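Content type PDB, C-alpha atoms, from the file my_file_18.pdb:
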ATOM      1  CA  MET A   1     146.371  93.467 152.929  1.00  0.00           C
ATOM      2  CA  ARG A   2     143.597  94.353 155.367  1.00  0.00           C
ATOM      3  CA  GLY A   3     143.097  90.822 156.688  1.00  0.00           C
ATOM      4  CA  LEU A   4     146.687  90.434 157.880  1.00  0.00           C
ATOM      5  CA  SER A   5     147.586  90.657 161.555  1.00  0.00           C
ATOM      6  CA  LYS A   6     149.913  93.303 162.921  1.00  0.00           C
ATOM      7  CA  THR A   7     152.495  90.577 163.553  1.00  0.00           C
ATOM      8  CA  HIS A   8     152.430  89.477 159.923  1.00  0.00           C
ATOM      9  CA  ARG A   9     152.665  93.041 158.676  1.00  0.00           C
ATOM     10  CA  ALA A  10     155.619  93.754 160.943  1.00  0.00           C
ATOM     11  CA  ALA A  11     157.379  90.595 159.816  1.00  0.00           C
ATOM     12  CA  THR A  12     156.831  91.517 156.197  1.00  0.00           C
ATOM     13  CA  LEU A  13     158.257  95.000 156.534  1.00  0.00           C
ATOM     14  CA  LYS A  14     161.480  93.469 157.895  1.00  0.00           C
ATOM     15  CA  PHE A  15     161.912  91.520 154.669  1.00  0.00           C
ATOM     16  CA  LEU A  16     161.160  94.281 152.172  1.00  0.00           C
ATOM     17  CA  PRO A  17     164.524  96.057 151.844  1.00  0.00           C
ATOM     18  CA  MET A  18     166.429  92.785 151.598  1.00  0.00           C
ATOM     19  CA  LEU A  19     164.122  91.175 149.052  1.00  0.00           C
ATOM     20  CA  LEU A  20     164.174  94.323 146.942  1.00  0.00           C
ATOM     21  CA  LEU A  21     167.976  94.394 146.963  1.00  0.00           C
ATOM     22  CA  LEU A  22     168.124  90.720 146.082  1.00  0.00           C
ATOM     23  CA  LYS A  23     165.918  91.385 143.067  1.00  0.00           C
ATOM     24  CA  GLN A  24     168.052  94.319 142.043  1.00  0.00           C
ATOM     25  CA  THR A  25     171.204  92.236 142.325  1.00  0.00           C
ATOM     26  CA  SER A  26     169.625  89.531 140.191  1.00  0.00           C
ATOM     27  CA  SER A  27     168.765  92.207 137.650  1.00  0.00           C
ATOM     28  CA  PHE A  28     172.398  93.232 137.598  1.00  0.00           C
ATOM     29  CA  GLN A  29     173.497  89.684 136.867  1.00  0.00           C
ATOM     30  CA  GLN A  30     171.223  89.600 133.834  1.00  0.00           C
ATOM     31  CA  THR A  31     171.938  93.059 132.462  1.00  0.00           C
ATOM     32  CA  GLY A  32     175.552  93.570 133.518  1.00  0.00           C
ATOM     33  CA  ASN A  33     174.731  97.185 134.341  1.00  0.00           C
ATOM     34  CA  LEU A  34     175.956  97.959 137.835  1.00  0.00           C
ATOM     35  CA  HIS A  35     174.396 101.403 138.064  1.00  0.00           C
ATOM     36  CA  SER A  36     170.934 100.098 137.126  1.00  0.00           C
ATOM     37  CA  CYS A  37     170.932  98.237 140.479  1.00  0.00           C
ATOM     38  CA  ASN A  38     171.517 101.425 142.486  1.00  0.00           C
ATOM     39  CA  LEU A  39     173.722  99.535 144.946  1.00  0.00           C
ATOM     40  CA  GLY A  40     175.996 102.525 145.471  1.00  0.00           C
ATOM     41  CA  ILE A  41     179.164 100.755 144.288  1.00  0.00           C
ATOM     42  CA  PRO A  42     181.594 102.913 142.278  1.00  0.00           C
ATOM     43  CA  LYS A  43     181.880 101.961 138.646  1.00  0.00           C
ATOM     44  CA  GLN A  44     185.558 101.078 138.835  1.00  0.00           C
ATOM     45  CA  GLN A  45     185.009  98.392 141.490  1.00  0.00           C
ATOM     46  CA  SER A  46     184.550  94.858 140.269  1.00  0.00           C
ATOM     47  CA  LEU A  47     182.818  92.452 142.643  1.00  0.00           C
ATOM     48  CA  THR A  48     182.161  88.784 142.146  1.00  0.00           C
ATOM     49  CA  SER A  49     178.600  87.463 142.178  1.00  0.00           C
ATOM     50  CA  SER A  50     179.209  85.909 145.601  1.00  0.00           C
ATOM     51  CA  GLN A  51     180.525  89.202 147.029  1.00  0.00           C
ATOM     52  CA  ARG A  52     177.443  91.072 145.818  1.00  0.00           C
ATOM     53  CA  ILE A  53     174.813  88.619 146.987  1.00  0.00           C
ATOM     54  CA  LYS A  54     176.236  87.118 150.195  1.00  0.00           C
ATOM     55  CA  PRO A  55     175.659  90.181 152.464  1.00  0.00           C
ATOM     56  CA  LEU A  56     172.046  90.414 151.271  1.00  0.00           C
ATOM     57  CA  TYR A  57     171.419  86.729 151.879  1.00  0.00           C
ATOM     58  CA  ASN A  58     173.055  86.927 155.298  1.00  0.00           C
ATOM     59  CA  SER A  59     170.820  89.834 156.252  1.00  0.00           C
ATOM     60  CA  LEU A  60     167.714  87.942 155.177  1.00  0.00           C
ATOM     61  CA  LEU A  61     168.856  84.845 157.042  1.00  0.00           C
ATOM     62  CA  LYS A  62     169.317  86.907 160.207  1.00  0.00           C
ATOM     63  CA  THR A  63     165.754  88.172 159.909  1.00  0.00           C
ATOM     64  CA  ILE A  64     164.453  84.626 159.572  1.00  0.00           C
ATOM     65  CA  GLU A  65     166.567  83.654 162.579  1.00  0.00           C
ATOM     66  CA  SER A  66     164.797  86.414 164.504  1.00  0.00           C
ATOM     67  CA  GLN A  67     161.466  84.900 163.485  1.00  0.00           C
ATOM     68  CA  ALA A  68     162.659  81.535 164.800  1.00  0.00           C
ATOM     69  CA  SER A  69     163.546  83.077 168.162  1.00  0.00           C
ATOM     70  CA  THR A  70     160.089  84.617 168.355  1.00  0.00           C
ATOM     71  CA  ALA A  71     158.463  81.269 167.538  1.00  0.00           C
ATOM     72  CA  ALA A  72     160.517  79.498 170.202  1.00  0.00           C
ATOM     73  CA  ASP A  73     159.924  82.095 172.915  1.00  0.00           C
ATOM     74  CA  THR A  74     156.232  82.796 172.319  1.00  0.00           C
ATOM     75  CA  TRP A  75     155.089  79.427 170.932  1.00  0.00           C
ATOM     76  CA  SER A  76     153.803  81.210 167.859  1.00  0.00           C
ATOM     77  CA  ILE A  77     153.907  80.077 164.240  1.00  0.00           C
ATOM     78  CA  GLU A  78     156.032  82.173 161.889  1.00  0.00           C
ATOM     79  CA  CYS A  79     156.372  81.806 158.136  1.00  0.00           C
ATOM     80  CA  THR A  80     158.746  83.201 155.548  1.00  0.00           C
ATOM     81  CA  PRO A  81     158.046  84.510 152.060  1.00  0.00           C
ATOM     82  CA  PHE A  82     158.323  82.053 149.179  1.00  0.00           C
ATOM     83  CA  LEU A  83     162.021  81.717 148.374  1.00  0.00           C
ATOM     84  CA  GLU A  84     164.210  80.556 145.531  1.00  0.00           C
ATOM     85  CA  PRO A  85     166.037  77.205 145.981  1.00  0.00           C
ATOM     86  CA  ASP A  86     169.508  78.567 146.705  1.00  0.00           C
ATOM     87  CA  LEU A  87     168.325  80.547 149.720  1.00  0.00           C
ATOM     88  CA  ALA A  88     165.898  77.836 150.867  1.00  0.00           C
ATOM     89  CA  VAL A  89     168.736  75.308 151.001  1.00  0.00           C
ATOM     90  CA  GLN A  90     170.745  77.598 153.284  1.00  0.00           C
ATOM     91  CA  ILE A  91     167.805  78.049 155.626  1.00  0.00           C
ATOM     92  CA  GLU A  92     167.105  74.322 155.689  1.00  0.00           C
ATOM     93  CA  GLU A  93     170.697  73.612 156.661  1.00  0.00           C
ATOM     94  CA  ARG A  94     170.614  76.247 159.378  1.00  0.00           C
ATOM     95  CA  PHE A  95     167.560  74.734 161.072  1.00  0.00           C
ATOM     96  CA  ARG A  96     168.392  71.065 160.529  1.00  0.00           C
ATOM     97  CA  ASP A  97     169.723  70.366 164.044  1.00  0.00           C
ATOM     98  CA  ARG A  98     167.770  72.935 166.020  1.00  0.00           C
ATOM     99  CA  ALA A  99     165.999  71.598 169.116  1.00  0.00           C
ATOM    100  CA  ASP A 100     164.093  74.760 170.066  1.00  0.00           C
ATOM    101  CA  VAL A 101     162.124  75.075 166.806  1.00  0.00           C
ATOM    102  CA  VAL A 102     161.095  73.055 163.776  1.00  0.00           C
ATOM    103  CA  ALA A 103     161.090  74.585 160.306  1.00  0.00           C
ATOM    104  CA  TYR A 104     158.939  72.803 157.744  1.00  0.00           C
ATOM    105  CA  ARG A 105     159.823  73.549 154.132  1.00  0.00           C
ATOM    106  CA  VAL A 106     156.477  73.664 152.320  1.00  0.00           C
ATOM    107  CA  VAL A 107     155.924  73.904 148.580  1.00  0.00           C
ATOM    108  CA  GLY A 108     152.151  73.596 148.136  1.00  0.00           C
ATOM    109  CA  GLY A 109     150.588  70.663 146.375  1.00  0.00           C
ATOM    110  CA  ARG A 110     151.614  67.068 145.924  1.00  0.00           C
ATOM    111  CA  ARG A 111     153.965  66.734 142.969  1.00  0.00           C
ATOM    112  CA  LEU A 112     154.137  64.179 140.174  1.00  0.00           C
ATOM    113  CA  LEU A 113     157.311  62.969 138.535  1.00  0.00           C
ATOM    114  CA  PRO A 114     158.642  65.471 135.979  1.00  0.00           C
ATOM    115  CA  GLU A 115     158.047  64.300 132.420  1.00  0.00           C
ATOM    116  CA  ASP A 116     161.375  65.687 131.225  1.00  0.00           C
ATOM    117  CA  PRO A 117     164.222  63.322 132.214  1.00  0.00           C
ATOM    118  CA  SER A 118     166.649  66.249 132.107  1.00  0.00           C
ATOM    119  CA  SER A 119     164.639  68.288 134.632  1.00  0.00           C
ATOM    120  CA  ASP A 120     166.644  69.561 137.586  1.00  0.00           C
ATOM    121  CA  ILE A 121     163.607  69.111 139.838  1.00  0.00           C
ATOM    122  CA  ALA A 122     163.585  65.790 141.668  1.00  0.00           C
ATOM    123  CA  PRO A 123     160.408  63.703 142.121  1.00  0.00           C
ATOM    124  CA  GLY A 124     157.982  65.380 144.482  1.00  0.00           C
ATOM    125  CA  GLU A 125     159.965  68.602 144.699  1.00  0.00           C
ATOM    126  CA  ALA A 126     159.174  72.159 143.778  1.00  0.00           C
ATOM    127  CA  ARG A 127     161.344  75.099 142.873  1.00  0.00           C
ATOM    128  CA  ARG A 128     160.039  77.829 145.200  1.00  0.00           C
ATOM    129  CA  SER A 129     159.240  77.075 148.826  1.00  0.00           C
ATOM    130  CA  ARG A 130     158.632  78.746 152.156  1.00  0.00           C
ATOM    131  CA  PHE A 131     159.289  77.786 155.771  1.00  0.00           C
ATOM    132  CA  VAL A 132     156.758  77.397 158.556  1.00  0.00           C
ATOM    133  CA  ILE A 133     158.632  77.818 161.845  1.00  0.00           C
ATOM    134  CA  MET A 134     157.255  76.877 165.259  1.00  0.00           C
ATOM    135  CA  HIS A 135     157.985  75.425 168.686  1.00  0.00           C
ATOM    136  CA  PRO A 136     158.254  71.624 168.322  1.00  0.00           C
ATOM    137  CA  ASP A 137     155.699  70.966 171.060  1.00  0.00           C
ATOM    138  CA  LEU A 138     152.923  72.702 169.123  1.00  0.00           C
ATOM    139  CA  GLY A 139     152.412  69.427 167.274  1.00  0.00           C
ATOM    140  CA  LEU A 140     151.737  70.783 163.787  1.00  0.00           C
ATOM    141  CA  ASP A 141     152.865  68.228 161.223  1.00  0.00           C
ATOM    142  CA  LEU A 142     154.149  68.797 157.700  1.00  0.00           C
ATOM    143  CA  GLY A 143     150.828  67.947 156.061  1.00  0.00           C
ATOM    144  CA  HIS A 144     148.934  70.545 158.068  1.00  0.00           C
ATOM    145  CA  ALA A 145     151.691  73.106 157.514  1.00  0.00           C
ATOM    146  CA  GLU A 146     151.359  72.541 153.754  1.00  0.00           C
ATOM    147  CA  SER A 147     147.583  72.947 153.735  1.00  0.00           C
ATOM    148  CA  GLU A 148     147.430  75.916 156.101  1.00  0.00           C
ATOM    149  CA  TYR A 149     150.221  77.988 154.573  1.00  0.00           C
ATOM    150  CA  CYS A 150     149.954  77.101 150.867  1.00  0.00           C
ATOM    151  CA  THR A 151     146.940  77.162 148.568  1.00  0.00           C
ATOM    152  CA  VAL A 152     146.999  75.643 145.081  1.00  0.00           C
ATOM    153  CA  ILE A 153     144.802  77.310 142.465  1.00  0.00           C
ATOM    154  CA  ARG A 154     143.921  75.663 139.156  1.00  0.00           C
ATOM    155  CA  VAL A 155     143.417  77.984 136.167  1.00  0.00           C
ATOM    156  CA  GLU A 156     141.482  76.446 133.266  1.00  0.00           C
ATOM    157  CA  ASN A 157     140.439  77.654 129.792  1.00  0.00           C
ATOM    158  CA  VAL A 158     143.171  80.283 129.680  1.00  0.00           C
ATOM    159  CA  ASN A 159     145.024  81.090 126.474  1.00  0.00           C
ATOM    160  CA  VAL A 160     148.508  80.903 127.971  1.00  0.00           C
ATOM    161  CA  ALA A 161     150.302  82.048 124.816  1.00  0.00           C
ATOM    162  CA  ALA A 162     148.109  85.134 124.348  1.00  0.00           C
ATOM    163  CA  SER A 163     147.911  86.105 128.018  1.00  0.00           C
ATOM    164  CA  ASN A 164     150.185  88.264 130.078  1.00  0.00           C
ATOM    165  CA  SER A 165     152.720  86.196 132.041  1.00  0.00           C
ATOM    166  CA  PHE A 166     151.266  84.954 135.316  1.00  0.00           C
ATOM    167  CA  PRO A 167     153.737  86.939 137.473  1.00  0.00           C
ATOM    168  CA  ASN A 168     152.745  90.135 135.639  1.00  0.00           C
ATOM    169  CA  ALA A 169     149.041  89.260 135.912  1.00  0.00           C
ATOM    170  CA  LEU A 170     149.369  88.642 139.655  1.00  0.00           C
ATOM    171  CA  ALA A 171     151.228  91.900 140.186  1.00  0.00           C
ATOM    172  CA  SER A 172     148.529  93.741 138.233  1.00  0.00           C
ATOM    173  CA  ILE A 173     145.907  92.680 140.791  1.00  0.00           C
ATOM    174  CA  GLY A 174     148.153  93.649 143.709  1.00  0.00           C
ATOM    175  CA  VAL A 175     149.587  90.249 144.639  1.00  0.00           C
ATOM    176  CA  HIS A 176     153.283  90.527 145.414  1.00  0.00           C
ATOM    177  CA  LEU A 177     155.459  87.631 144.268  1.00  0.00           C
ATOM    178  CA  ASP A 178     156.721  87.038 147.818  1.00  0.00           C
ATOM    179  CA  ASN A 179     153.275  85.459 148.269  1.00  0.00           C
ATOM    180  CA  VAL A 180     153.604  83.174 145.251  1.00  0.00           C
ATOM    181  CA  GLY A 181     155.284  79.789 144.977  1.00  0.00           C
ATOM    182  CA  ASP A 182     155.596  77.787 141.788  1.00  0.00           C
ATOM    183  CA  ILE A 183     153.522  78.594 138.723  1.00  0.00           C
ATOM    184  CA  VAL A 184     153.231  75.392 136.692  1.00  0.00           C
ATOM    185  CA  VAL A 185     151.847  75.541 133.142  1.00  0.00           C
ATOM    186  CA  GLU A 186     150.452  72.097 132.340  1.00  0.00           C
ATOM    187  CA  ASP A 187     149.425  72.815 128.747  1.00  0.00           C
ATOM    188  CA  SER A 188     148.255  75.646 126.499  1.00  0.00           C
ATOM    189  CA  SER A 189     145.077  76.196 128.522  1.00  0.00           C
ATOM    190  CA  THR A 190     145.757  75.000 132.075  1.00  0.00           C
ATOM    191  CA  ALA A 191     148.048  76.237 134.825  1.00  0.00           C
ATOM    192  CA  TYR A 192     148.503  75.803 138.574  1.00  0.00           C
ATOM    193  CA  LEU A 193     149.532  78.514 141.049  1.00  0.00           C
ATOM    194  CA  VAL A 194     150.822  78.059 144.590  1.00  0.00           C
ATOM    195  CA  VAL A 195     149.964  81.097 146.710  1.00  0.00           C
ATOM    196  CA  ASP A 196     149.760  82.232 150.293  1.00  0.00           C
ATOM    197  CA  PRO A 197     146.214  81.499 151.553  1.00  0.00           C
ATOM    198  CA  ASN A 198     145.777  85.197 152.409  1.00  0.00           C
ATOM    199  CA  VAL A 199     145.881  86.135 148.717  1.00  0.00           C
ATOM    200  CA  ALA A 200     143.856  83.191 147.370  1.00  0.00           C
ATOM    201  CA  LYS A 201     140.551  85.085 147.380  1.00  0.00           C
ATOM    202  CA  PRO A 202     141.840  88.086 145.390  1.00  0.00           C
ATOM    203  CA  CYS A 203     143.347  85.649 142.895  1.00  0.00           C
ATOM    204  CA  LEU A 204     140.087  83.747 142.470  1.00  0.00           C
ATOM    205  CA  ARG A 205     138.119  86.958 142.089  1.00  0.00           C
ATOM    206  CA  LEU A 206     140.396  89.117 139.952  1.00  0.00           C
ATOM    207  CA  LEU A 207     143.062  87.118 138.123  1.00  0.00           C
ATOM    208  CA  SER A 208     140.845  86.090 135.201  1.00  0.00           C
ATOM    209  CA  LYS A 209     140.467  89.784 134.278  1.00  0.00           C
ATOM    210  CA  GLU A 210     144.201  89.959 133.545  1.00  0.00           C
ATOM    211  CA  LEU A 211     144.233  86.804 131.371  1.00  0.00           C
ATOM    212  CA  VAL A 212     143.009  85.937 127.871  1.00  0.00           C
ATOM    213  CA  GLY A 213     140.554  83.118 127.290  1.00  0.00           C
ATOM    214  CA  VAL A 214     136.903  82.128 126.979  1.00  0.00           C
ATOM    215  CA  GLY A 215     135.258  80.823 130.128  1.00  0.00           C
ATOM    216  CA  ILE A 216     138.353  81.104 132.297  1.00  0.00           C
ATOM    217  CA  ASN A 217     137.769  79.187 135.520  1.00  0.00           C
ATOM    218  CA  LEU A 218     139.794  79.378 138.732  1.00  0.00           C
ATOM    219  CA  SER A 219     139.336  76.894 141.557  1.00  0.00           C
ATOM    220  CA  VAL A 220     141.172  75.731 144.667  1.00  0.00           C
ATOM    221  CA  CYS A 221     142.657  72.235 144.423  1.00  0.00           C
ATOM    222  CA  GLU A 222     141.812  69.641 147.048  1.00  0.00           C
ATOM    223  CA  GLU A 223     144.552  68.439 149.367  1.00  0.00           C
ATOM    224  CA  ASN A 224     144.508  64.950 147.824  1.00  0.00           C
ATOM    225  CA  GLU A 225     145.043  66.214 144.261  1.00  0.00           C
ATOM    226  CA  PHE A 226     148.401  66.044 142.526  1.00  0.00           C
ATOM    227  CA  MET A 227     149.934  68.996 140.758  1.00  0.00           C
ATOM    228  CA  PRO A 228     150.846  67.811 137.264  1.00  0.00           C
ATOM    229  CA  SER A 229     154.271  68.147 135.768  1.00  0.00           C
ATOM    230  CA  GLY A 230     154.737  71.057 133.387  1.00  0.00           C
ATOM    231  CA  GLU A 231     156.735  74.158 132.645  1.00  0.00           C
ATOM    232  CA  ILE A 232     157.551  76.288 135.670  1.00  0.00           C
ATOM    233  CA  GLN A 233     157.261  79.977 134.820  1.00  0.00           C
ATOM    234  CA  GLU A 234     160.105  82.259 135.786  1.00  0.00           C
ATOM    235  CA  MET A 235     159.160  84.586 138.636  1.00  0.00           C
ATOM    236  CA  LYS A 236     160.065  87.790 136.883  1.00  0.00           C
ATOM    237  CA  LEU A 237     158.104  91.015 136.494  1.00  0.00           C
ATOM    238  CA  SER A 238     158.313  93.558 133.755  1.00  0.00           C
ATOM    239  CA  ARG A 239     160.396  96.526 134.893  1.00  0.00           C
ATOM    240  CA  VAL A 240     157.383  98.841 134.862  1.00  0.00           C
ATOM    241  CA  LEU A 241     155.308  96.557 137.082  1.00  0.00           C
ATOM    242  CA  GLU A 242     158.199  95.926 139.441  1.00  0.00           C
ATOM    243  CA  ARG A 243     158.664  99.662 139.998  1.00  0.00           C
ATOM    244  CA  GLN A 244     154.935 100.132 140.506  1.00  0.00           C
ATOM    245  CA  MET A 245     154.693  97.309 143.047  1.00  0.00           C
ATOM    246  CA  GLU A 246     157.653  98.517 145.081  1.00  0.00           C
ATOM    247  CA  ARG A 247     156.419 102.110 145.070  1.00  0.00           C
ATOM    248  CA  LYS A 248     152.947 101.064 146.171  1.00  0.00           C
ATOM    249  CA  LYS A 249     154.298  99.004 149.081  1.00  0.00           C
ATOM    250  CA  TYR A 250     156.395 101.814 150.478  1.00  0.00           C
ATOM    251  CA  GLU A 251     153.756 104.505 149.940  1.00  0.00           C
ATOM    252  CA  GLN A 252     150.946 102.560 151.615  1.00  0.00           C
ATOM    253  CA  GLY A 253     153.037 100.801 154.251  1.00  0.00           C
ATOM    254  CA  VAL A 254     150.830  97.735 153.804  1.00  0.00           C
ATOM    255  CA  VAL A 255     152.261  94.610 152.234  1.00  0.00           C
ATOM    256  CA  GLN A 256     150.707  91.276 151.419  1.00  0.00           C
ATOM    257  CA  PHE A 257     152.471  88.447 153.152  1.00  0.00           C
ATOM    258  CA  GLY A 258     151.154  85.484 155.055  1.00  0.00           C
TER     259      GLY A 258
END
Please express the file's structure as structure tokens.
Amino acid sequence: MRGLSKTHRAATLKFLPMLLLLKQTSSFQQTGNLHSCNLGIPKQQSLTSSQRIKPLYNSLLKTIESQASTAADTWSIECTPFLEPDLAVQIEERFRDRADVVAYRVVGGRRLLPEDPSSDIAPGEARRSRFVIMHPDLGLDLGHAESEYCTVIRVENVNVAASNSFPNALASIGVHLDNVGDIVVEDSSTAYLVVDPNVAKPCLRLLSKELVGVGINLSVCEENEFMPSGEIQEMKLSRVLERQMERKKYEQGVVQFG
């Protein structure tokens, strides 16, 4: 994205190969087709899920550790892509007792209690999150980290059932899912999106064109508003869009990431 700094672009390019491989590995788990992942493992080998994913996670964790070192040494503020819970938990544990940096886990938006008693999401929690990493003496608190590195967009008057899925719609306007947190569908016509602030404007301007509805309205939520409980959409692209997004990133060498 043109508005991103050179530092942010460089940080993003470090993550790309690992995030792509993590997606491919996830695809393997769903399809059971090893060769569709293009991981280069001979067909006769049988690896457990942990054996396949652990090296990729470790590589991504090392990159985030490098960001932390940069934040500590230069007193800068670094942030990660939005991550799934299993990886976010590992990162949170890694930074829990660090004295040289703080790592705020931000989710975007204040959360209400889930209506479904069987929900695996605890009160006030989200599924996807990102980390804002900085030197502790910079004095940025969690509230400011939330507001500066997450934007919550309300989508109203959308026909959710008739529309493309929100992940596909976002990809169609050039917003990569690394820049997207939770997508919460409140009801048949209202949804909430957590996004990186750098992609909020394209979402407000273009997303309605990829959705179905009369008088679709997109607006940024105020910091004091609660995100309602609802169904969290799975962050999954159609195979065609996923290939297109990855090809575009590598061809242009410019990736959206806050």
Legend entry - From A:Gln90, A:Thr80, A:Ser163, A:Ser129, residue lying nearest Glu210 in chain A [all atoms listed in the file]: A:Ser163
Inset, instruction - Kindly indicate which residue among A:Asp178, A:Glu225, A:Glu78, A:Asp196 lies nearest to His135 in chain A, using all atoms listed in the file for the distances. - result: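 Result for the nearest residue to His135 in chain A: A:Glu78.
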Can you report as lines of an AutoDock Vina configuration file the centre and edge lengths in Å, to one decimal, of an axis-aligned box around the listed atoms of range 151-160 of chain A padded with 3 Å on each side?
center_x = 144.5
center_y = 78.4
center_z = 137.5
size_x = 14.1
size_y = 11.4
size_z = 28.1
Legend entry - Best match for closeness to Gly174 in chain A among A:Arg154, A:Gly230, A:Val199, A:Asn159, counting all atoms listed in the file: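 Going through A:Arg154, A:Gly230, A:Val199, A:Asn159 one by one, the smallest distance to Gly174 in chain A is for A:Val199.
If you look at CA of Asp141 in chain A and CA of Tyr192 in chain A, they are 24.3 Å away from each other.
Proximity of A:Leu177, A:Val185, A:Leu193, A:Met134 to Cys150 in chain A, computed with all atoms listed in the file, is greatest for A:Leu193.
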Once you count all atoms listed in the file, what closest atom pair and distance in Å to one decimal does each residue of range 123-212 of chain A within 10 Å of range 53-76 of chain A have, with rows by chain and rising residue number, as a Markdown table?
| residue | atom | partner | partner_atom | distance |
| --- | --- | --- | --- | --- |
| A:Phe131 | CA | A:Ile64 | CA | 9.4 |
| A:Val132 | CA | A:Ala68 | CA | 9.5 |
| A:Ile133 | CA | A:Ala68 | CA | 6.2 |
| A:Met134 | CA | A:Ala71 | CA | 5.1 |
| A:His135 | CA | A:Ala72 | CA | 5.0 |
| A:Pro136 | CA | A:Ala72 | CA | 8.4 |
| A:Asp137 | CA | A:Trp75 | CA | 8.5 |
| A:Leu138 | CA | A:Trp75 | CA | 7.3 |
Legend entry - Contacts of Ile173 in chain A within 8 Å, all atoms listed in the file, excl. fewer than 6 positions in-chain, as a list in words: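 So, after excluding close chain neighbours, the residues are Pro202, Cys203, Leu206, Leu207 and Glu210 of chain A.
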